[in-house]
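J.: Quick one: this structure, given as C-alpha cells, is what I'll be asking you about.
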Amino acid sequence: MLIDNLFGVIRRVTAQPAIAGEPYGMHSFNASVGDLGRVSRWAPDVLGSGVNFDADRARHAAIGEAVERYCGNMVTTVDRRTTIAELRREGVPFFDPTRVPVFTAEQFRRPGFPFSPLADDVVLPWVSGIDLGNGGRATLLPAPAVYLNYYRGSGDPTGAQRRFPVLLPGIAAGPTFDGAVRSALLEIIERDATVLWWVGRQPAQVVDFPAGHLVRELTSAGLDPAVRLWWLRLSSEFPVPTLACVLVDDKLGVLAVGFATRTDVDEAALKAAAEAFQLRRLAAGCLEPESWLWRGTAEGRLHFPLRPYRADRAYAKDFAADWSDMTQLMHNVQYFLDRSTWDRALTRLVPPDTVDWREVGCAGRWPTARLVEHFTELDMSTYAVELTTNDVKGSGYHVARVIVPEAVPNMPTALTALGSPRLRAYAHRFDLAPMPHS
C-alpha cells in the first residue's frame, strides 16, 4: 500500500494553495512520508513536493520525489566489504572511485572539511549494480555513492570514515526501471551542464519565446507584474537541451533559478519555471518567522538546515567571505534573500546572446539506450542500481540510482567538486560564488 494515512509509505498527498503572485495555471502538491528517523537510524525525507503546469503531473512528481527519497535513503544491502586493491587483484568488474576524483588535495587539507581522501587500501562497502554501457554487466559500486544517506542509515552517524559526498543527481522514480534510469540520466545531464555553466563559466544564451507562445501564456497568466522571468539555454555536449529559468521578484525580494533537461523545449522551459517558482515558495517561507517552514523546523518535522531568522534579511553576513561554511544547498535560498548579493549573480544571468526557441529542441524522444550510447561516445561510464524497496514494489513505481562518475555533480557551495577532471578541463578559472538555486 503506497498511500495510506496509517499503513502507507506515503501518508497523504495534498494540493497546496497558491501563494500571491504565482501564475494561475501552476499546481503544487506535497506528499507526506512518516518520520522514520524518530524510531530508527534510517531517516528519509518526510516531504516530497511537485510543481507543474499540469495538475496530474504535479501530483505524480510529488509522489515520485517522496518515493525516490524513501528508497534512496534506505540502506538495504551491502554485498561486500573490501578494498579497491583487493578488487583489482580479483579482476572483478567494479567502479574505481580513485579514477575520477571529486575533491582536490587543497580541499581535503581545509580545516573542518568533512571528507577524507580515498586510498587503495581503505576498506569500503560495495553493492551490486550494472554497467549500462557494457550490456548491463554486473559491477560493484561503492555503497556510499549509491545511497543518499549511507553514513546515517548504515550506522555510521559520526561520519568518521566519510570518503564520499552525497551524490545529489542521478536518483529518480518512474513507472518502470528503464523509465527511472532515463529520468536519472537526464538529471545528471542537467546538473553537469549547470555546474559547467556556473562554476566553469561556460556560455549561455537567452531563449527568445515570443508573445503568445505556450510558455509565455502559461507562465504569465495571473503573474504578479513585479515578477520577471526569462530563460537561458546552457551550453552542453548533449543534444538534449538544458534550460534555466531566471525569476526575479522585485516585490517579495526573491532571486531564483530553476533548471530542467528535456527533449522538448516547451517541457524544459515549463519545468524550469516550475522549479523557480518552487524556490520562490521556499524563499517566502524563509521570510515569515511563523511560516510552515520555520514551525516545521523548530518542531523537528522538517530537517532544513536553516540559519537563524533575520528580519533584516542580511543573511550574507552569516556566511564566511569565501562561502566555506555554506555546506547546505538550503543556505543559498537564505543567502539570496539579501539583496546585496544580487548584482554579482545578475551579471551571470543576463548573457548578451539570444537564440530563437525553435533552435533549442532536439529530434526524437532519446530513449535510455540512446542516452547511454551518447555518454559512451563521450567516454563517460554509466552505472545503475535498482533501489526499489520491498514495500514500494508493486505500487507502480521503481527507483533507480544512476552514477556517471565523469559527469560533474552539483554540490553545496562549500563542497564544489573542484577535483572533477571534466570541470577542470572546461574551466580556465572557477566562479565559486553561490548560485541562486537550492
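All residue names refer to the C-alpha cells as shown: chains lettered A, B, ... in order, residues numbered from 1 in each chain, ligands numbered from 1 in order.
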Might you pull out every residue within 8 Å of segment 372-378 of chain A, with only C-alpha atoms counted and same-chain residues fewer than 5 positions away left off, and present them as number ranges by chain?

T.: A: 132-133, 238

J.: Just write the chosen residues, N, CA and C atoms, as an mmCIF file, in the first residue's frame.

T.:
data_model
loop_
_atom_site.group_PDB
_atom_site.id
_atom_site.type_symbol
_atom_site.label_atom_id
_atom_site.label_comp_id
_atom_site.auth_asym_id
_atom_site.auth_seq_id
_atom_site.Cartn_x
_atom_site.Cartn_y
_atom_site.Cartn_z
ATOM 1 N N LEU A 132 25.685 0.007 -17.590
ATOM 2 C CA LEU A 132 24.770 0.209 -18.713
ATOM 3 C C LEU A 132 25.498 0.280 -20.047
ATOM 4 N N GLY A 133 26.713 0.797 -20.032
ATOM 5 C CA GLY A 133 27.471 0.940 -21.264
ATOM 6 C C GLY A 133 28.157 -0.328 -21.711
ATOM 7 N N PHE A 238 25.509 17.548 -24.988
ATOM 8 C CA PHE A 238 24.370 16.675 -25.232
ATOM 9 C C PHE A 238 23.330 17.383 -26.092
#

J.: Mind checking which residues fall within 10 Å of segment 1-9 of chain A, counting only C-alpha atoms, ignoring those fewer than 4 positions away in the same chain, and posting them as an MDAnalysis selection string?

T.: chainID A and resid 13 31:34 63 66:67 70 391:397

J.: Next, write the just-selected residues to a file, as a PDB file, in the first residue's frame, keeping N, CA and C atoms as the atom set.

T.:
ATOM      1  N   VAL A  13      -1.276  12.787   0.207  1.00  0.00           N
ATOM      2  CA  VAL A  13      -0.851  13.685  -0.869  1.00  0.00           C
ATOM      3  C   VAL A  13      -1.854  14.827  -0.912  1.00  0.00           C
ATOM      4  N   ALA A  31       3.681  15.400  -0.825  1.00  0.00           N
ATOM      5  CA  ALA A  31       3.480  14.014  -0.406  1.00  0.00           C
ATOM      6  C   ALA A  31       4.190  13.827   0.927  1.00  0.00           C
ATOM      7  N   SER A  32       3.426  13.496   1.976  1.00  0.00           N
ATOM      8  CA  SER A  32       3.973  13.396   3.330  1.00  0.00           C
ATOM      9  C   SER A  32       4.308  11.949   3.662  1.00  0.00           C
ATOM     10  N   VAL A  33       5.535  11.739   4.133  1.00  0.00           N
ATOM     11  CA  VAL A  33       6.038  10.414   4.499  1.00  0.00           C
ATOM     12  C   VAL A  33       6.188  10.357   6.015  1.00  0.00           C
ATOM     13  N   GLY A  34       5.923   9.211   6.618  1.00  0.00           N
ATOM     14  CA  GLY A  34       6.122   9.067   8.054  1.00  0.00           C
ATOM     15  C   GLY A  34       7.573   9.306   8.438  1.00  0.00           C
ATOM     16  N   ILE A  63       4.683  12.521  -5.514  1.00  0.00           N
ATOM     17  CA  ILE A  63       4.758  11.117  -5.103  1.00  0.00           C
ATOM     18  C   ILE A  63       6.108  10.529  -5.497  1.00  0.00           C
ATOM     19  N   ALA A  66       8.891  11.726  -3.199  1.00  0.00           N
ATOM     20  CA  ALA A  66       8.816  11.073  -1.893  1.00  0.00           C
ATOM     21  C   ALA A  66       9.315   9.634  -1.970  1.00  0.00           C
ATOM     22  N   VAL A  67       8.925   8.924  -3.030  1.00  0.00           N
ATOM     23  CA  VAL A  67       9.321   7.523  -3.193  1.00  0.00           C
ATOM     24  C   VAL A  67      10.822   7.402  -3.413  1.00  0.00           C
ATOM     25  N   TYR A  70      12.613   8.078  -0.178  1.00  0.00           N
ATOM     26  CA  TYR A  70      12.353   6.974   0.749  1.00  0.00           C
ATOM     27  C   TYR A  70      13.258   5.787   0.430  1.00  0.00           C
ATOM     28  N   ASP A 391       8.519  -2.728   0.154  1.00  0.00           N
ATOM     29  CA  ASP A 391       7.194  -2.170   0.413  1.00  0.00           C
ATOM     30  C   ASP A 391       6.729  -1.230  -0.695  1.00  0.00           C
ATOM     31  N   VAL A 392       7.626  -0.840  -1.591  1.00  0.00           N
ATOM     32  CA  VAL A 392       7.241   0.005  -2.725  1.00  0.00           C
ATOM     33  C   VAL A 392       6.978  -0.839  -3.976  1.00  0.00           C
ATOM     34  N   LYS A 393       7.633  -2.009  -4.057  1.00  0.00           N
ATOM     35  CA  LYS A 393       7.414  -2.890  -5.205  1.00  0.00           C
ATOM     36  C   LYS A 393       5.924  -3.232  -5.322  1.00  0.00           C
ATOM     37  N   GLY A 394       5.424  -3.197  -6.522  1.00  0.00           N
ATOM     38  CA  GLY A 394       4.016  -3.475  -6.744  1.00  0.00           C
ATOM     39  C   GLY A 394       3.134  -2.248  -6.698  1.00  0.00           C
ATOM     40  N   SER A 395       3.720  -1.101  -6.351  1.00  0.00           N
ATOM     41  CA  SER A 395       2.934   0.130  -6.250  1.00  0.00           C
ATOM     42  C   SER A 395       2.850   0.883  -7.572  1.00  0.00           C
ATOM     43  N   GLY A 396       3.621   0.430  -8.566  1.00  0.00           N
ATOM     44  CA  GLY A 396       3.655   1.155  -9.827  1.00  0.00           C
ATOM     45  C   GLY A 396       4.840   2.081  -9.958  1.00  0.00           C
ATOM     46  N   TYR A 397       5.742   2.048  -8.969  1.00  0.00           N
ATOM     47  CA  TYR A 397       6.934   2.897  -9.015  1.00  0.00           C
ATOM     48  C   TYR A 397       8.192   2.046  -8.880  1.00  0.00           C
TER      49      TYR A 397
END

J.: Would you return as number ranges by chain the members of segment 143-383 of chain A that DSSP assigns to strand (DSSP E or B) on this structure's backbone?

T.: A: 171-174, 204-208, 227-234, 242-249, 254-261, 354-356, 383

J.: Would you put the residues from that selection into a file with C-alpha atoms, as a tab-separated table (two decimals), in the first residue's frame?

T.:
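Result file follows (selection_32.tsv):
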chain	number	residue	atom	x	y	z
A	171	ILE	CA	18.23	9.21	-8.47
A	172	ALA	CA	14.74	9.02	-9.89
A	173	ALA	CA	11.42	7.21	-9.68
A	174	GLY	CA	9.41	6.05	-12.67
A	204	ALA	CA	24.60	30.58	-22.11
A	205	GLN	CA	22.07	32.24	-24.40
A	206	VAL	CA	18.76	33.93	-23.67
A	207	VAL	CA	15.96	31.88	-25.26
A	208	ASP	CA	13.51	34.06	-27.17
A	227	VAL	CA	7.84	39.06	-11.13
A	228	ARG	CA	10.10	38.84	-14.18
A	229	LEU	CA	11.01	35.60	-15.95
A	230	TRP	CA	13.49	34.78	-18.67
A	231	TRP	CA	15.08	31.59	-19.93
A	232	LEU	CA	18.63	30.58	-20.76
A	233	ARG	CA	19.98	27.69	-22.82
A	234	LEU	CA	23.12	26.31	-21.22
A	242	THR	CA	19.20	22.13	-20.60
A	243	LEU	CA	17.28	25.31	-19.83
A	244	ALA	CA	17.43	27.68	-16.88
A	245	CYS	CA	14.53	29.90	-15.85
A	246	VAL	CA	15.57	33.06	-14.02
A	247	LEU	CA	12.96	34.51	-11.65
A	248	VAL	CA	13.28	38.00	-10.18
A	249	ASP	CA	10.54	39.14	-7.79
A	254	VAL	CA	13.48	36.92	-4.39
A	255	LEU	CA	16.07	35.86	-6.95
A	256	ALA	CA	15.91	32.21	-8.01
A	257	VAL	CA	16.86	29.98	-10.92
A	258	GLY	CA	15.23	26.70	-11.90
A	259	PHE	CA	16.66	24.13	-14.31
A	260	ALA	CA	15.41	21.30	-16.50
A	261	THR	CA	16.70	18.96	-19.19
A	354	THR	CA	19.94	35.29	-27.83
A	355	VAL	CA	18.65	32.14	-29.53
A	356	ASP	CA	15.24	31.53	-31.07
A	383	TYR	CA	26.15	2.52	-13.87

J.: Which residues come within 10 Å of segment 86-88 of chain A, counting only C-alpha atoms, excluding same-chain residues fewer than 6 positions away, as JSON, numbers by chain?

T.: {"A": [94, 95, 96, 120, 121, 123, 140]}

J.: Could you turn the residues from that selection into a file that holds N, CA and C atoms, as a short mmCIF file (atom, residue, chain, number, x, y, z; two decimals), in the first residue's frame?

T.:
data_model
loop_
_atom_site.label_atom_id
_atom_site.label_comp_id
_atom_site.auth_asym_id
_atom_site.auth_seq_id
_atom_site.Cartn_x
_atom_site.Cartn_y
_atom_site.Cartn_z
N PHE A 94 34.34 -3.49 -11.32
CA PHE A 94 33.92 -2.55 -10.28
C PHE A 94 34.23 -1.14 -10.73
N PHE A 95 33.52 -0.19 -10.16
CA PHE A 95 33.80 1.21 -10.42
C PHE A 95 34.87 1.66 -9.43
N ASP A 96 36.00 2.09 -9.97
CA ASP A 96 37.13 2.54 -9.15
C ASP A 96 36.99 4.05 -8.91
N ASP A 120 43.77 3.04 -1.98
CA ASP A 120 43.53 1.66 -2.43
C ASP A 120 43.35 0.68 -1.28
N ASP A 121 43.92 1.00 -0.10
CA ASP A 121 43.88 0.04 1.00
C ASP A 121 42.78 0.34 2.01
N VAL A 123 39.13 -0.04 3.39
CA VAL A 123 38.02 -0.98 3.26
C VAL A 123 36.74 -0.19 3.01
N LEU A 140 30.40 -3.96 -9.26
CA LEU A 140 30.33 -3.49 -7.87
C LEU A 140 30.50 -1.98 -7.82
#

J.: Closest to Arg163 of chain A among A:Tyr151, A:Trp342, A:Tyr309, A:Phe304, using only C-alpha atoms?

T.: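 Looking only at the distances to Arg163 of chain A, the closest residue turns out to be A:Tyr151.
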
J.: So which residues touch Pro23 of chain A within 12 Å, counting only C-alpha atoms, skipping near sequence neighbours fewer than 3 positions away, as JSON, numbers by chain?

T.: {"A": [18, 19, 20, 26, 27, 28, 51, 52, 53, 215, 216, 217, 218, 219, 220, 221, 222, 223, 224, 225, 227, 228, 229, 270, 273, 274, 277]}

J.: Taking into account only C-alpha atoms, which residue in the set A:Ala311, A:Leu279, A:Cys71, A:Ala62 is nearest to Asn332 of chain A?

T.: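 Nearest to Asn332 of chain A: A:Leu279.
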
J.: If you run DSSP on the backbone here, which positions in segment 233-347 of chain A get alpha helix (DSSP H)? Please write them as a VMD selection string.

T.: chain A and resid 265 to 287 292 to 298 330 to 335 342 to 347

J.: Show which residues sit within 7 Å of Arg69 of chain A, as number ranges by chain. Count only C-alpha atoms, and ignore same-chain residues fewer than 4 positions away.

T.: A: 44-45, 65, 73

J.: Would you mind telling me which residue in A:Arg110, A:Arg307, A:Arg57, A:Arg358 lies nearest to Phe319 of chain A when using only C-alpha atoms?

T.: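 Counting only C-alpha atoms, the residue closest to Phe319 of chain A is A:Arg307.
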